[in-house]
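Visitor: The structure's right below; bear with me while I get my questions together.
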Amino acid sequence: GPTKQTEGNGDPHFKTWKNEHFEFHGQCDIVMVSNKEFCNGRGIDIHIRTKIVRFWSYIENVVIRIGNDILEVSGSSPDNGDKANYWINYEGMGDLDDLAGFPVSINPNNDRYTIDLGSQYPGEKIEIRTFKEFVGVKIIGATESSFGNSVGITGDFVTGNTYARDGRTVLDDFTELGNEWQVLPSDGRFFHEIARRPQFPEKCWLPEDPRGDRRRRRLDESNITQVQAEAACAGLDDEFSRKGCVYDILATQDLDMVGAY
């Protein structure tokens with residue numbers, strides 16, 4: 001069958017398995033992808049942790065569990081000397097050669113982590129990228145055998161539908177979808193800092209009216225224009241990345257955001 005990819009990027013832009021793009025601007029821990037049958041039942045979970053900044057939010061941590069191993073990556077912050085951080089099985093910057101037997105490589109800039117799934121699923125990999133405080137995660141070359149039974153905010157592998165947890169109800173309201181896939185105790189608690197609010201049963205926090213007057217007025221007053229943002233992002237090769245990049249530049253007023261893509 002065809003290969004697919006799904007991703008969650010920076011200021012939370014998601015791509016479903018059908019390549020459709022949506023945003024969720026709440027703050028909480030979210031199940032991006034979960035597949036209990038991955039790798040002969042060892043299972044995989046990818047959870048993301050989002051953080052609100054006024055009227056938008058961004059992904060600040062990503063955690064991936066395969067079998068009994070857990071890798072968490074966060075972006076940089078002044079607290080950690082402006083370097084990206086990782087935890088392997090809850091040990092900060094511990095020895096990281098593999099995740100459940102799948103080789104992990106880190107590029108020289110320490111801003112790209114690649115989990116090579118090729119020994120089990122040829123040509124497939126998971127890539128985590130960091131840029132400043134932002135984190136993105138992308139599953140590359142996914143097939144029905146590896147991710148066909150996945151559930152989560154990025155939807156159903158076969159149809160691309162964004163289902164509720166019941167596997168039947170399609171949710172097209174992305175605030176509802178985000179709340180639906182907020183991490184529950186039954187999904188596992190994999191982040192090293194477990195108490196970061198909100199945690200279920202407290203619902204995802206939502207920003208100040210992200211699509212309302214406040215945001216439009218703020219963007220009207222802003223210094224970086226849509227045209228400048230589009231020019232900065234023009235070199236990106238797919239429309240999903242370009243759209244996300246333009247939005248992020250306008251939201252952060254930082255042309256360097258193109259680096260997150």
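Letters A, B, ... mark the chains of the structure tokens in the order given; residue numbers begin at 1 per chain; ligand numbers begin at 1, in order shown.
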Taking a cut-off of 8 Å and counting only C-alpha atoms, can you build a table that, for each residue of range 49-136 of chain A near range 182-194 of chain A, reports the nearest atom pair and how far apart they are in Å (one decimal), sorted by chain then residue number, as CSV?

Guide:
```
residue,atom,partner,partner_atom,distance
A:Val63,CA,A:Phe191,CA,6.4
A:Arg65,CA,A:Phe190,CA,7.5
A:Ile70,CA,A:Phe190,CA,7.1
A:Glu72,CA,A:Phe191,CA,6.9
A:Trp87,CA,A:His192,CA,7.8
A:Tyr90,CA,A:His192,CA,5.7
```

Visitor: Give me the residues within 7 Å of Gly141 in chain A as a PyMOL selection string, counting only C-alpha atoms and dropping any in the same chain fewer than 4 places off.

Guide: chain A and resi 3-5+123-125

Visitor: Taking only C-alpha atoms into account, which of A:Phe200, A:Tyr163, A:Phe14, A:Phe38 comes nearest Tyr58 in chain A?

Guide: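 Closest to Tyr58 in chain A, using only C-alpha atoms: A:Phe14.
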
Visitor: Which of these residues is nearest to Lys51 in chain A, using only C-alpha atoms: A:Thr225, A:Ser76, A:Leu206, A:Gly152?

Guide: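 That would be A:Leu206, the residue with the smallest distance to Lys51 in chain A.
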
Visitor: Got a sec to tell me which of range 48-244 of chain A DSSP assigns to helix (DSSP H, G or I), as a PyMOL selection string?

Guide: chain A and resi 78-80+144-147+174-180+185-187+213-221+226-233+239-244

Visitor: Please measure the separation of CA of Gly43 in chain A and CA of Gly160 in chain A, giving the value in Å to one decimal.

Guide: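 Separating CA of Gly43 in chain A from CA of Gly160 in chain A is a distance of 20.6 Å.
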
Visitor: Could you check the closest approach to Val31 in chain A for each of A:Arg165, A:Arg129, A:Arg112, A:Arg54 and tell me which residue wins, using only C-alpha atoms?

Guide: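 Answer, going by the shortest atom-to-atom distance: A:Arg165.
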
Visitor: Could you list, as a VMD selection string, every residue within 10 Å of Gln253 in chain A, counting only C-alpha atoms and ignoring same-chain residues fewer than 3 positions away?

Guide: chain A and resid 219 222 to 225 229 247 to 250 256 to 257

Visitor: Limited to C-alpha atoms, could you put the picked residues into a file as an mmCIF file, in the first residue's frame?

Guide:
```
data_model
loop_
_atom_site.group_PDB
_atom_site.id
_atom_site.type_symbol
_atom_site.label_atom_id
_atom_site.label_comp_id
_atom_site.auth_asym_id
_atom_site.auth_seq_id
_atom_site.Cartn_x
_atom_site.Cartn_y
_atom_site.Cartn_z
ATOM 1 C CA LEU A 219 -2.102 41.289 13.468
ATOM 2 C CA SER A 222 1.883 44.082 13.832
ATOM 3 C CA ASN A 223 5.133 45.037 12.162
ATOM 4 C CA ILE A 224 5.643 41.922 10.054
ATOM 5 C CA THR A 225 3.083 41.730 7.269
ATOM 6 C CA ALA A 229 5.821 36.250 6.100
ATOM 7 C CA TYR A 247 0.875 31.660 10.666
ATOM 8 C CA ASP A 248 3.743 31.171 13.100
ATOM 9 C CA ILE A 249 5.639 34.228 11.858
ATOM 10 C CA LEU A 250 2.544 36.408 12.190
ATOM 11 C CA ASP A 256 13.262 33.345 12.113
ATOM 12 C CA MET A 257 10.299 31.000 12.687
#
```

Visitor: What's the separation between CA of Ile126 in chain A and CA of Thr114 in chain A, in Å to one decimal place?

Guide: 5.8 Å

Visitor: Would you compute the distance between CA of Gly41 in chain A and CA of Ile139 in chain A? Give it in Å to one decimal.

Guide: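 Computed distance, CA of Gly41 in chain A to CA of Ile139 in chain A, equals 18.7 Å.
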
Visitor: When DSSP works through the backbone of this structure, what residues of range 4-136 of chain A end up as strand (DSSP E or B), shown as a PyMOL selection string?

Guide: chain A and resi 4-9+13-15+21-23+27+29-35+44-53+56-66+69-74+85-88+91-92+98-99+102-106+112-116+125-131+134-136

Visitor: Near Ile88 in chain A, counting only C-alpha atoms, which residues have an atom at most 9 Å away, once you skip same-chain residues fewer than 4 positions from it, shown as number ranges by chain?

Guide: A: 69-73, 92-96, 99

Visitor: So, counting only C-alpha atoms, which residue among A:Thr175, A:Asn68, A:Ser105, A:Thr16 is closest to Val158 in chain A?

Guide: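 For Val158 in chain A, the nearest of the candidates is A:Thr16.
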
Visitor: Let me make sure I understand: among A:Asp173, A:Glu133, A:Asp254, A:Asp45, which one has the smallest atom-to-atom distance to Ser74 in chain A if we use only C-alpha atoms?

Guide: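 Result for the nearest residue to Ser74 in chain A: A:Glu133.
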